[in-house]
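Structure file model-v1.cif with mmCIF, N, CA and C atoms:
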data_work
loop_
_atom_site.label_atom_id
_atom_site.label_comp_id
_atom_site.auth_asym_id
_atom_site.auth_seq_id
_atom_site.Cartn_x
_atom_site.Cartn_y
_atom_site.Cartn_z
N MET A 1 101.10 -161.07 54.11
CA MET A 1 100.68 -159.68 54.12
C MET A 1 100.49 -159.16 52.70
N LYS A 2 101.50 -159.39 51.86
CA LYS A 2 101.42 -158.94 50.47
C LYS A 2 100.28 -159.64 49.74
N ALA A 3 100.10 -160.93 50.02
CA ALA A 3 99.04 -161.69 49.36
C ALA A 3 97.67 -161.17 49.77
N SER A 4 97.48 -160.81 51.04
CA SER A 4 96.18 -160.29 51.48
C SER A 4 95.92 -158.90 50.89
N PHE A 5 96.97 -158.10 50.74
CA PHE A 5 96.85 -156.78 50.10
C PHE A 5 96.38 -156.94 48.65
N ILE A 6 97.03 -157.84 47.93
CA ILE A 6 96.66 -158.09 46.52
C ILE A 6 95.26 -158.67 46.44
N GLN A 7 94.93 -159.59 47.34
CA GLN A 7 93.60 -160.20 47.33
C GLN A 7 92.52 -159.16 47.62
N PHE A 8 92.78 -158.27 48.59
CA PHE A 8 91.81 -157.23 48.95
C PHE A 8 91.53 -156.30 47.76
N PHE A 9 92.58 -155.83 47.10
CA PHE A 9 92.41 -154.89 45.99
C PHE A 9 92.04 -155.56 44.67
N SER A 10 91.95 -156.87 44.66
CA SER A 10 91.55 -157.59 43.45
C SER A 10 90.06 -157.89 43.42
N ARG A 11 89.32 -157.39 44.38
CA ARG A 11 87.88 -157.66 44.44
C ARG A 11 87.08 -156.70 43.57
N LEU A 12 86.20 -157.27 42.78
CA LEU A 12 85.34 -156.47 41.90
C LEU A 12 84.33 -155.63 42.68
N PRO A 13 83.70 -156.14 43.77
CA PRO A 13 82.77 -155.29 44.53
C PRO A 13 83.46 -154.05 45.11
N LEU A 14 84.72 -154.20 45.49
CA LEU A 14 85.47 -153.04 45.99
C LEU A 14 85.58 -151.97 44.91
N LEU A 15 85.78 -152.40 43.68
CA LEU A 15 85.87 -151.44 42.57
C LEU A 15 84.55 -150.68 42.40
N GLY A 16 83.44 -151.37 42.51
CA GLY A 16 82.13 -150.71 42.43
C GLY A 16 81.95 -149.70 43.55
N PHE A 17 82.34 -150.09 44.77
CA PHE A 17 82.25 -149.18 45.91
C PHE A 17 83.16 -147.98 45.71
N GLN A 18 84.36 -148.23 45.22
CA GLN A 18 85.31 -147.13 44.96
C GLN A 18 84.73 -146.15 43.94
N PHE A 19 84.06 -146.67 42.92
CA PHE A 19 83.48 -145.79 41.91
C PHE A 19 82.36 -144.94 42.50
N ILE A 20 81.56 -145.53 43.38
CA ILE A 20 80.50 -144.76 44.05
C ILE A 20 81.13 -143.63 44.88
N ILE A 21 82.19 -143.94 45.60
CA ILE A 21 82.89 -142.91 46.38
C ILE A 21 83.46 -141.84 45.44
N PHE A 22 84.00 -142.27 44.31
CA PHE A 22 84.54 -141.35 43.30
C PHE A 22 83.46 -140.38 42.82
N VAL A 23 82.28 -140.89 42.53
CA VAL A 23 81.18 -140.04 42.07
C VAL A 23 80.77 -139.07 43.18
N ILE A 24 80.61 -139.56 44.40
CA ILE A 24 80.23 -138.68 45.51
C ILE A 24 81.27 -137.58 45.72
N LEU A 25 82.55 -137.95 45.70
CA LEU A 25 83.60 -136.94 45.88
C LEU A 25 83.62 -135.93 44.73
N ASN A 26 83.30 -136.38 43.52
CA ASN A 26 83.24 -135.44 42.40
C ASN A 26 82.06 -134.49 42.52
N ILE A 27 80.94 -134.98 43.04
CA ILE A 27 79.80 -134.10 43.29
C ILE A 27 80.19 -133.06 44.35
N LEU A 28 80.83 -133.50 45.41
CA LEU A 28 81.28 -132.57 46.45
C LEU A 28 82.35 -131.62 45.91
N ASP A 29 83.21 -132.11 45.04
CA ASP A 29 84.20 -131.24 44.42
C ASP A 29 83.52 -130.18 43.55
N GLY A 30 82.51 -130.60 42.81
CA GLY A 30 81.77 -129.64 42.00
C GLY A 30 81.10 -128.58 42.86
N HIS A 31 80.48 -129.01 43.95
CA HIS A 31 79.81 -128.07 44.85
C HIS A 31 80.82 -127.11 45.49
N SER A 32 81.90 -127.66 46.01
CA SER A 32 82.90 -126.81 46.68
C SER A 32 83.58 -125.89 45.68
N THR A 33 83.81 -126.36 44.47
CA THR A 33 84.39 -125.50 43.43
C THR A 33 83.43 -124.38 43.09
N TRP A 34 82.15 -124.70 42.96
CA TRP A 34 81.15 -123.67 42.66
C TRP A 34 81.13 -122.60 43.75
N LYS A 35 81.20 -123.03 45.00
CA LYS A 35 81.17 -122.06 46.11
C LYS A 35 82.38 -121.13 46.06
N VAL A 36 83.52 -121.64 45.64
CA VAL A 36 84.74 -120.82 45.59
C VAL A 36 84.76 -119.92 44.34
N LEU A 37 84.25 -120.40 43.22
CA LEU A 37 84.36 -119.67 41.96
C LEU A 37 83.19 -118.76 41.63
N TYR A 38 82.00 -119.08 42.12
CA TYR A 38 80.80 -118.35 41.72
C TYR A 38 80.88 -116.90 42.15
N PRO A 39 80.51 -115.94 41.32
CA PRO A 39 79.95 -116.07 39.98
C PRO A 39 81.00 -116.09 38.87
N ASP A 40 82.18 -115.46 39.09
CA ASP A 40 83.13 -115.37 37.99
C ASP A 40 84.58 -115.26 38.46
N LYS A 41 84.91 -115.97 39.49
CA LYS A 41 86.28 -115.94 40.03
C LYS A 41 87.10 -117.09 39.47
N TYR A 42 87.19 -117.14 38.13
CA TYR A 42 87.85 -118.25 37.43
C TYR A 42 89.32 -118.40 37.81
N HIS A 43 89.97 -117.31 38.15
CA HIS A 43 91.40 -117.35 38.46
C HIS A 43 91.69 -118.24 39.68
N ARG A 44 90.69 -118.54 40.48
CA ARG A 44 90.89 -119.39 41.65
C ARG A 44 91.00 -120.87 41.29
N GLU A 45 90.56 -121.25 40.09
CA GLU A 45 90.63 -122.65 39.66
C GLU A 45 92.06 -122.99 39.26
N MET A 46 92.61 -124.05 39.85
CA MET A 46 93.99 -124.44 39.60
C MET A 46 94.15 -125.30 38.34
N ASN A 47 93.12 -126.03 37.95
CA ASN A 47 93.18 -126.91 36.78
C ASN A 47 92.94 -126.06 35.53
N PRO A 48 93.95 -125.93 34.65
CA PRO A 48 93.79 -125.06 33.48
C PRO A 48 92.69 -125.51 32.51
N LEU A 49 92.51 -126.81 32.35
CA LEU A 49 91.45 -127.31 31.46
C LEU A 49 90.08 -126.98 32.04
N ALA A 50 89.91 -127.22 33.33
CA ALA A 50 88.63 -126.90 33.99
C ALA A 50 88.38 -125.38 33.93
N ARG A 51 89.42 -124.58 34.17
CA ARG A 51 89.27 -123.12 34.13
C ARG A 51 88.79 -122.67 32.75
N TRP A 52 89.35 -123.28 31.70
CA TRP A 52 88.96 -122.94 30.32
C TRP A 52 87.48 -123.28 30.10
N VAL A 53 87.07 -124.47 30.55
CA VAL A 53 85.67 -124.89 30.39
C VAL A 53 84.75 -123.94 31.16
N PHE A 54 85.13 -123.57 32.38
CA PHE A 54 84.30 -122.68 33.19
C PHE A 54 84.17 -121.31 32.55
N ARG A 55 85.24 -120.83 31.95
CA ARG A 55 85.18 -119.53 31.27
C ARG A 55 84.26 -119.59 30.04
N LYS A 56 84.33 -120.70 29.33
CA LYS A 56 83.51 -120.84 28.11
C LYS A 56 82.03 -121.04 28.43
N LEU A 57 81.72 -121.84 29.45
CA LEU A 57 80.34 -122.22 29.73
C LEU A 57 79.74 -121.54 30.95
N GLY A 58 80.55 -120.84 31.72
CA GLY A 58 80.09 -120.31 32.99
C GLY A 58 80.36 -121.33 34.08
N VAL A 59 80.33 -120.88 35.31
CA VAL A 59 80.71 -121.76 36.42
C VAL A 59 79.76 -122.95 36.55
N THR A 60 78.47 -122.70 36.63
CA THR A 60 77.52 -123.78 36.89
C THR A 60 77.49 -124.80 35.74
N LYS A 61 77.27 -124.33 34.52
CA LYS A 61 77.23 -125.25 33.38
C LYS A 61 78.58 -125.91 33.16
N GLY A 62 79.64 -125.16 33.39
CA GLY A 62 80.99 -125.70 33.22
C GLY A 62 81.28 -126.84 34.18
N ILE A 63 80.92 -126.66 35.44
CA ILE A 63 81.15 -127.71 36.43
C ILE A 63 80.32 -128.95 36.11
N ILE A 64 79.05 -128.74 35.78
CA ILE A 64 78.18 -129.88 35.46
C ILE A 64 78.71 -130.62 34.24
N THR A 65 79.10 -129.89 33.21
CA THR A 65 79.62 -130.51 31.98
C THR A 65 80.93 -131.23 32.24
N TYR A 66 81.87 -130.55 32.89
CA TYR A 66 83.19 -131.11 33.15
C TYR A 66 83.09 -132.38 34.00
N LYS A 67 82.35 -132.31 35.08
CA LYS A 67 82.22 -133.47 35.97
C LYS A 67 81.46 -134.61 35.31
N SER A 68 80.43 -134.29 34.53
CA SER A 68 79.66 -135.35 33.84
C SER A 68 80.55 -136.10 32.86
N ILE A 69 81.34 -135.36 32.09
CA ILE A 69 82.23 -136.00 31.12
C ILE A 69 83.28 -136.84 31.84
N LEU A 70 83.87 -136.30 32.90
CA LEU A 70 84.88 -137.04 33.67
C LEU A 70 84.30 -138.34 34.22
N ILE A 71 83.15 -138.26 34.86
CA ILE A 71 82.54 -139.45 35.45
C ILE A 71 82.13 -140.46 34.37
N LEU A 72 81.63 -139.97 33.26
CA LEU A 72 81.26 -140.86 32.15
C LEU A 72 82.48 -141.59 31.60
N ILE A 73 83.57 -140.88 31.36
CA ILE A 73 84.78 -141.50 30.82
C ILE A 73 85.33 -142.55 31.80
N ILE A 74 85.42 -142.18 33.07
CA ILE A 74 85.93 -143.12 34.07
C ILE A 74 85.00 -144.33 34.18
N GLY A 75 83.70 -144.10 34.16
CA GLY A 75 82.73 -145.20 34.23
C GLY A 75 82.86 -146.16 33.05
N VAL A 76 83.02 -145.62 31.85
CA VAL A 76 83.18 -146.46 30.65
C VAL A 76 84.47 -147.27 30.74
N LEU A 77 85.56 -146.61 31.14
CA LEU A 77 86.84 -147.32 31.27
C LEU A 77 86.76 -148.43 32.33
N LEU A 78 86.11 -148.12 33.45
CA LEU A 78 85.95 -149.15 34.48
C LEU A 78 85.12 -150.31 33.98
N GLY A 79 84.03 -150.00 33.27
CA GLY A 79 83.19 -151.06 32.72
C GLY A 79 83.95 -151.95 31.76
N HIS A 80 84.83 -151.35 30.98
CA HIS A 80 85.58 -152.11 29.98
C HIS A 80 86.72 -152.93 30.59
N TYR A 81 87.43 -152.36 31.54
CA TYR A 81 88.63 -153.01 32.08
C TYR A 81 88.45 -153.65 33.46
N ALA A 82 87.28 -153.56 34.04
CA ALA A 82 87.08 -153.98 35.43
C ALA A 82 87.51 -155.42 35.70
N ARG A 83 87.12 -156.34 34.86
CA ARG A 83 87.44 -157.74 35.13
C ARG A 83 88.91 -158.07 34.85
N LYS A 84 89.51 -157.37 33.89
CA LYS A 84 90.90 -157.66 33.52
C LYS A 84 91.90 -157.00 34.46
N GLU A 85 91.60 -155.80 34.90
CA GLU A 85 92.55 -155.00 35.66
C GLU A 85 91.98 -154.54 37.00
N THR A 86 91.29 -155.40 37.69
CA THR A 86 90.62 -155.02 38.94
C THR A 86 91.61 -154.46 39.96
N PHE A 87 92.71 -155.15 40.15
CA PHE A 87 93.70 -154.72 41.13
C PHE A 87 94.21 -153.31 40.80
N SER A 88 94.67 -153.11 39.58
CA SER A 88 95.23 -151.80 39.18
C SER A 88 94.19 -150.69 39.29
N LEU A 89 92.98 -150.97 38.85
CA LEU A 89 91.93 -149.94 38.90
C LEU A 89 91.55 -149.60 40.34
N ASN A 90 91.55 -150.58 41.22
CA ASN A 90 91.27 -150.30 42.63
C ASN A 90 92.36 -149.41 43.23
N ILE A 91 93.60 -149.67 42.88
CA ILE A 91 94.70 -148.83 43.36
C ILE A 91 94.56 -147.41 42.81
N ILE A 92 94.29 -147.30 41.52
CA ILE A 92 94.14 -145.99 40.88
C ILE A 92 92.98 -145.22 41.51
N LEU A 93 91.84 -145.88 41.70
CA LEU A 93 90.69 -145.19 42.31
C LEU A 93 90.94 -144.84 43.77
N THR A 94 91.69 -145.65 44.48
CA THR A 94 92.04 -145.31 45.86
C THR A 94 92.83 -144.01 45.88
N VAL A 95 93.83 -143.91 45.03
CA VAL A 95 94.64 -142.69 44.95
C VAL A 95 93.78 -141.51 44.50
N ALA A 96 92.96 -141.71 43.47
CA ALA A 96 92.08 -140.63 42.98
C ALA A 96 91.13 -140.17 44.07
N ASN A 97 90.56 -141.10 44.82
CA ASN A 97 89.63 -140.73 45.89
C ASN A 97 90.33 -139.96 47.00
N ILE A 98 91.55 -140.33 47.31
CA ILE A 98 92.31 -139.58 48.31
C ILE A 98 92.58 -138.17 47.82
N VAL A 99 92.98 -138.06 46.56
CA VAL A 99 93.26 -136.73 45.98
C VAL A 99 91.99 -135.88 45.96
N PHE A 100 90.87 -136.45 45.55
CA PHE A 100 89.61 -135.69 45.52
C PHE A 100 89.15 -135.32 46.92
N LEU A 101 89.35 -136.21 47.90
CA LEU A 101 88.99 -135.88 49.28
C LEU A 101 89.81 -134.68 49.77
N ILE A 102 91.10 -134.70 49.51
CA ILE A 102 91.97 -133.57 49.91
C ILE A 102 91.53 -132.30 49.18
N THR A 103 91.20 -132.42 47.90
CA THR A 103 90.76 -131.27 47.10
C THR A 103 89.46 -130.69 47.66
N VAL A 104 88.51 -131.55 47.96
CA VAL A 104 87.22 -131.09 48.50
C VAL A 104 87.42 -130.38 49.84
N LEU A 105 88.19 -130.98 50.71
CA LEU A 105 88.45 -130.36 52.02
C LEU A 105 89.14 -129.01 51.84
N HIS A 106 90.09 -128.96 50.92
CA HIS A 106 90.79 -127.70 50.64
C HIS A 106 89.83 -126.64 50.09
N ASN A 107 88.97 -127.05 49.14
CA ASN A 107 88.01 -126.10 48.55
C ASN A 107 87.09 -125.50 49.61
N TYR A 108 86.56 -126.34 50.49
CA TYR A 108 85.68 -125.83 51.55
C TYR A 108 86.44 -124.93 52.51
N LYS A 109 87.69 -125.27 52.78
CA LYS A 109 88.53 -124.42 53.64
C LYS A 109 88.73 -123.05 52.98
N VAL A 110 89.03 -123.04 51.69
CA VAL A 110 89.20 -121.78 50.95
C VAL A 110 87.90 -120.99 50.97
N TYR A 111 86.78 -121.66 50.73
CA TYR A 111 85.49 -120.97 50.74
C TYR A 111 85.24 -120.31 52.09
N HIS A 112 85.47 -121.05 53.16
CA HIS A 112 85.23 -120.48 54.49
C HIS A 112 86.17 -119.32 54.78
N LYS A 113 87.40 -119.43 54.31
CA LYS A 113 88.35 -118.33 54.50
C LYS A 113 87.88 -117.09 53.73
N ILE A 114 87.47 -117.28 52.47
CA ILE A 114 86.98 -116.17 51.64
C ILE A 114 85.72 -115.58 52.26
N HIS A 115 84.80 -116.44 52.65
CA HIS A 115 83.53 -116.00 53.23
C HIS A 115 83.77 -115.23 54.53
N HIS A 116 84.69 -115.74 55.36
CA HIS A 116 85.01 -115.07 56.63
C HIS A 116 85.63 -113.69 56.36
N LEU A 117 86.57 -113.62 55.41
CA LEU A 117 87.20 -112.33 55.09
C LEU A 117 86.18 -111.35 54.53
N LYS A 118 85.27 -111.85 53.67
CA LYS A 118 84.25 -110.99 53.08
C LYS A 118 83.33 -110.44 54.16
N SER A 119 82.88 -111.30 55.06
CA SER A 119 81.97 -110.83 56.11
C SER A 119 82.69 -109.88 57.06
N HIS A 120 83.98 -110.13 57.29
CA HIS A 120 84.77 -109.22 58.12
C HIS A 120 84.91 -107.85 57.46
N LYS A 121 85.16 -107.84 56.14
CA LYS A 121 85.26 -106.57 55.41
C LYS A 121 83.92 -105.85 55.39
N ASP A 122 82.82 -106.61 55.25
CA ASP A 122 81.49 -106.00 55.27
C ASP A 122 81.23 -105.33 56.62
N LYS A 123 81.64 -105.99 57.70
CA LYS A 123 81.45 -105.41 59.03
C LYS A 123 82.27 -104.13 59.19
N ILE A 124 83.49 -104.15 58.68
CA ILE A 124 84.34 -102.94 58.75
C ILE A 124 83.72 -101.83 57.92
N SER A 125 83.19 -102.17 56.72
CA SER A 125 82.54 -101.18 55.88
C SER A 125 81.33 -100.57 56.59
N GLU A 126 80.57 -101.42 57.27
CA GLU A 126 79.40 -100.92 58.01
C GLU A 126 79.85 -99.96 59.12
N LEU A 127 80.91 -100.33 59.82
CA LEU A 127 81.42 -99.46 60.88
C LEU A 127 81.96 -98.16 60.30
N ASP A 128 82.66 -98.28 59.17
CA ASP A 128 83.16 -97.06 58.51
C ASP A 128 82.01 -96.19 58.08
N GLY A 129 80.97 -96.79 57.56
CA GLY A 129 79.79 -96.03 57.14
C GLY A 129 79.14 -95.34 58.32
N ASP A 130 79.11 -96.00 59.46
CA ASP A 130 78.54 -95.39 60.67
C ASP A 130 79.35 -94.18 61.09
N LYS A 131 80.67 -94.28 60.96
CA LYS A 131 81.53 -93.17 61.36
C LYS A 131 81.32 -91.96 60.45
N ILE A 132 81.10 -92.21 59.15
CA ILE A 132 80.93 -91.13 58.19
C ILE A 132 79.60 -90.41 58.42
N SER A 133 78.57 -91.14 58.77
CA SER A 133 77.23 -90.56 58.93
C SER A 133 77.18 -89.59 60.01
#

Using structure tokens, write down the structure from this file.
Amino acid sequence: MKASFIQFFSRLPLLGFQFIIFVILNILDGHSTWKVLYPDKYHREMNPLARWVFRKLGVTKGIITYKSILILIIGVLLGHYARKETFSLNIILTVANIVFLITVLHNYKVYHKIHHLKSHKDKISELDGDKIS
């Protein structure tokens, strides 16, 4: 069992697939983050470094810059260490992909909650406006 686990995570093609999933999840994270933060709700960002970048560059440019740099750094590190540390990198990317998947799902859940509350408040405002008229 242990040998098959090690053999599975020691495959180089798995590392390539994991990196593709990592990039896709980061794109989805960028999109879901944009939906929650746009246009200027920086206080909703939990990562202090990302929040600082978003404040300096704006939400859209900040997300594109932050994610591009992150993906570039991870890609370079994978390219350099892939053959030497395939097992470790596969484990690290598995954990990172799980964390990003949870983050993306959470971000979309927050967006829907905010959007639902906003539309509910808008409906109440419309009803209140009708009463005043």

Checklist entry - What gap, in Å, lies between atom CA of A:Asn90 and atom CA of A:Ala3? => result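 About the pair atom CA of A:Asn90 and atom CA of A:Ala3: they are 15.3 Å apart.
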
Next on the checklist: Please enumerate the residues selected by the PyMOL selection byres ((chain A and resi 19-30) around 7) when evaluated against the supplied file, formatted as a VMD selection string.
Outcome noted: chain A and resid 14 to 18 31 to 35 63 to 64 67 71 93 96 to 97 100 to 101 103 to 104

Next on the checklist: Take the PyMOL selection byres (((chain A and resi 40 and name CA) around 12) and name CA), run it mentally on this structure, and tell me the resulting residues as a count of residues only.
Outcome noted: 21

Checklist outcome for this item: Atom pair atom CA of A:Pro48 + atom CA of A:Gly79, distance 28.1 Å

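Relative to atom C of A:Thr65, atom N of A:Ala50 is found at 9.9 Å.
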
Quick check for you: according to DSSP on this backbone, which residues of stretch 36-102 of chain A are classed as alpha helix (DSSP H)? Reply as a compact mmCIF listing (two decimals) with N, CA and C atoms, keeping the file's coordinate frame.
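Generated file (result.txt):
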# COMPACT_ATOMS: atom_id res chain seq x y z
N VAL A 36 83.52 -121.64 45.64
CA VAL A 36 84.74 -120.82 45.59
C VAL A 36 84.76 -119.92 44.34
N LEU A 37 84.25 -120.40 43.22
CA LEU A 37 84.36 -119.67 41.96
C LEU A 37 83.19 -118.76 41.63
N PRO A 48 93.95 -125.93 34.65
CA PRO A 48 93.79 -125.06 33.48
C PRO A 48 92.69 -125.51 32.51
N LEU A 49 92.51 -126.81 32.35
CA LEU A 49 91.45 -127.31 31.46
C LEU A 49 90.08 -126.98 32.04
N ALA A 50 89.91 -127.22 33.33
CA ALA A 50 88.63 -126.90 33.99
C ALA A 50 88.38 -125.38 33.93
N ARG A 51 89.42 -124.58 34.17
CA ARG A 51 89.27 -123.12 34.13
C ARG A 51 88.79 -122.67 32.75
N TRP A 52 89.35 -123.28 31.70
CA TRP A 52 88.96 -122.94 30.32
C TRP A 52 87.48 -123.28 30.10
N VAL A 53 87.07 -124.47 30.55
CA VAL A 53 85.67 -124.89 30.39
C VAL A 53 84.75 -123.94 31.16
N PHE A 54 85.13 -123.57 32.38
CA PHE A 54 84.30 -122.68 33.19
C PHE A 54 84.17 -121.31 32.55
N ARG A 55 85.24 -120.83 31.95
CA ARG A 55 85.18 -119.53 31.27
C ARG A 55 84.26 -119.59 30.04
N LYS A 56 84.33 -120.70 29.33
CA LYS A 56 83.51 -120.84 28.11
C LYS A 56 82.03 -121.04 28.43
N LEU A 57 81.72 -121.84 29.45
CA LEU A 57 80.34 -122.22 29.73
C LEU A 57 79.74 -121.54 30.95
N VAL A 59 80.33 -120.88 35.31
CA VAL A 59 80.71 -121.76 36.42
C VAL A 59 79.76 -122.95 36.55
N THR A 60 78.47 -122.70 36.63
CA THR A 60 77.52 -123.78 36.89
C THR A 60 77.49 -124.80 35.74
N LYS A 61 77.27 -124.33 34.52
CA LYS A 61 77.23 -125.25 33.38
C LYS A 61 78.58 -125.91 33.16
N GLY A 62 79.64 -125.16 33.39
CA GLY A 62 80.99 -125.70 33.22
C GLY A 62 81.28 -126.84 34.18
N ILE A 63 80.92 -126.66 35.44
CA ILE A 63 81.15 -127.71 36.43
C ILE A 63 80.32 -128.95 36.11
N ILE A 64 79.05 -128.74 35.78
CA ILE A 64 78.18 -129.88 35.46
C ILE A 64 78.71 -130.62 34.24
N THR A 65 79.10 -129.89 33.21
CA THR A 65 79.62 -130.51 31.98
C THR A 65 80.93 -131.23 32.24
N TYR A 66 81.87 -130.55 32.89
CA TYR A 66 83.19 -131.11 33.15
C TYR A 66 83.09 -132.38 34.00
N LYS A 67 82.35 -132.31 35.08
CA LYS A 67 82.22 -133.47 35.97
C LYS A 67 81.46 -134.61 35.31
N SER A 68 80.43 -134.29 34.53
CA SER A 68 79.66 -135.35 33.84
C SER A 68 80.55 -136.10 32.86
N ILE A 69 81.34 -135.36 32.09
CA ILE A 69 82.23 -136.00 31.12
C ILE A 69 83.28 -136.84 31.84
N LEU A 70 83.87 -136.30 32.90
CA LEU A 70 84.88 -137.04 33.67
C LEU A 70 84.30 -138.34 34.22
N ILE A 71 83.15 -138.26 34.86
CA ILE A 71 82.54 -139.45 35.45
C ILE A 71 82.13 -140.46 34.37
N LEU A 72 81.63 -139.97 33.26
CA LEU A 72 81.26 -140.86 32.15
C LEU A 72 82.48 -141.59 31.60
N ILE A 73 83.57 -140.88 31.36
CA ILE A 73 84.78 -141.50 30.82
C ILE A 73 85.33 -142.55 31.80
N ILE A 74 85.42 -142.18 33.07
CA ILE A 74 85.93 -143.12 34.07
C ILE A 74 85.00 -144.33 34.18
N GLY A 75 83.70 -144.10 34.16
CA GLY A 75 82.73 -145.20 34.23
C GLY A 75 82.86 -146.16 33.05
N VAL A 76 83.02 -145.62 31.85
CA VAL A 76 83.18 -146.46 30.65
C VAL A 76 84.47 -147.27 30.74
N LEU A 77 85.56 -146.61 31.14
CA LEU A 77 86.84 -147.32 31.27
C LEU A 77 86.76 -148.43 32.33
N LEU A 78 86.11 -148.12 33.45
CA LEU A 78 85.95 -149.15 34.48
C LEU A 78 85.12 -150.31 33.98
N GLY A 79 84.03 -150.00 33.27
CA GLY A 79 83.19 -151.06 32.72
C GLY A 79 83.95 -151.95 31.76
N HIS A 80 84.83 -151.35 30.98
CA HIS A 80 85.58 -152.11 29.98
C HIS A 80 86.72 -152.93 30.59
N TYR A 81 87.43 -152.36 31.54
CA TYR A 81 88.63 -153.01 32.08
C TYR A 81 88.45 -153.65 33.46
N THR A 86 91.29 -155.40 37.69
CA THR A 86 90.62 -155.02 38.94
C THR A 86 91.61 -154.46 39.96
N PHE A 87 92.71 -155.15 40.15
CA PHE A 87 93.70 -154.72 41.13
C PHE A 87 94.21 -153.31 40.80
N SER A 88 94.67 -153.11 39.58
CA SER A 88 95.23 -151.80 39.18
C SER A 88 94.19 -150.69 39.29
N LEU A 89 92.98 -150.97 38.85
CA LEU A 89 91.93 -149.94 38.90
C LEU A 89 91.55 -149.60 40.34
N ASN A 90 91.55 -150.58 41.22
CA ASN A 90 91.27 -150.30 42.63
C ASN A 90 92.36 -149.41 43.23
N ILE A 91 93.60 -149.67 42.88
CA ILE A 91 94.70 -148.83 43.36
C ILE A 91 94.56 -147.41 42.81
N ILE A 92 94.29 -147.30 41.52
CA ILE A 92 94.14 -145.99 40.88
C ILE A 92 92.98 -145.22 41.51
N LEU A 93 91.84 -145.88 41.70
CA LEU A 93 90.69 -145.19 42.31
C LEU A 93 90.94 -144.84 43.77
N THR A 94 91.69 -145.65 44.48
CA THR A 94 92.04 -145.31 45.86
C THR A 94 92.83 -144.01 45.88
N VAL A 95 93.83 -143.91 45.03
CA VAL A 95 94.64 -142.69 44.95
C VAL A 95 93.78 -141.51 44.50
N ALA A 96 92.96 -141.71 43.47
CA ALA A 96 92.08 -140.63 42.98
C ALA A 96 91.13 -140.17 44.07
N ASN A 97 90.56 -141.10 44.82
CA ASN A 97 89.63 -140.73 45.89
C ASN A 97 90.33 -139.96 47.00
N ILE A 98 91.55 -140.33 47.31
CA ILE A 98 92.31 -139.58 48.31
C ILE A 98 92.58 -138.17 47.82
N VAL A 99 92.98 -138.06 46.56
CA VAL A 99 93.26 -136.73 45.98
C VAL A 99 91.99 -135.88 45.96
N PHE A 100 90.87 -136.45 45.55
CA PHE A 100 89.61 -135.69 45.52
C PHE A 100 89.15 -135.32 46.92
N LEU A 101 89.35 -136.21 47.90
CA LEU A 101 88.99 -135.88 49.28
C LEU A 101 89.81 -134.68 49.77
N ILE A 102 91.10 -134.70 49.51
CA ILE A 102 91.97 -133.57 49.91
C ILE A 102 91.53 -132.30 49.18

Item to check | Nearest residue to A:Thr86 from the set A:Lys118, A:Arg11, A:Lys113, A:His106 (distances using only C-alpha atoms) | outcome: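 The closest residue to A:Thr86 is A:Arg11.
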
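Proximity of A:Ala82, A:Ile102, A:Leu70, A:Leu77 to A:Leu12, computed with all atoms listed in the file, is greatest for A:Ala82.
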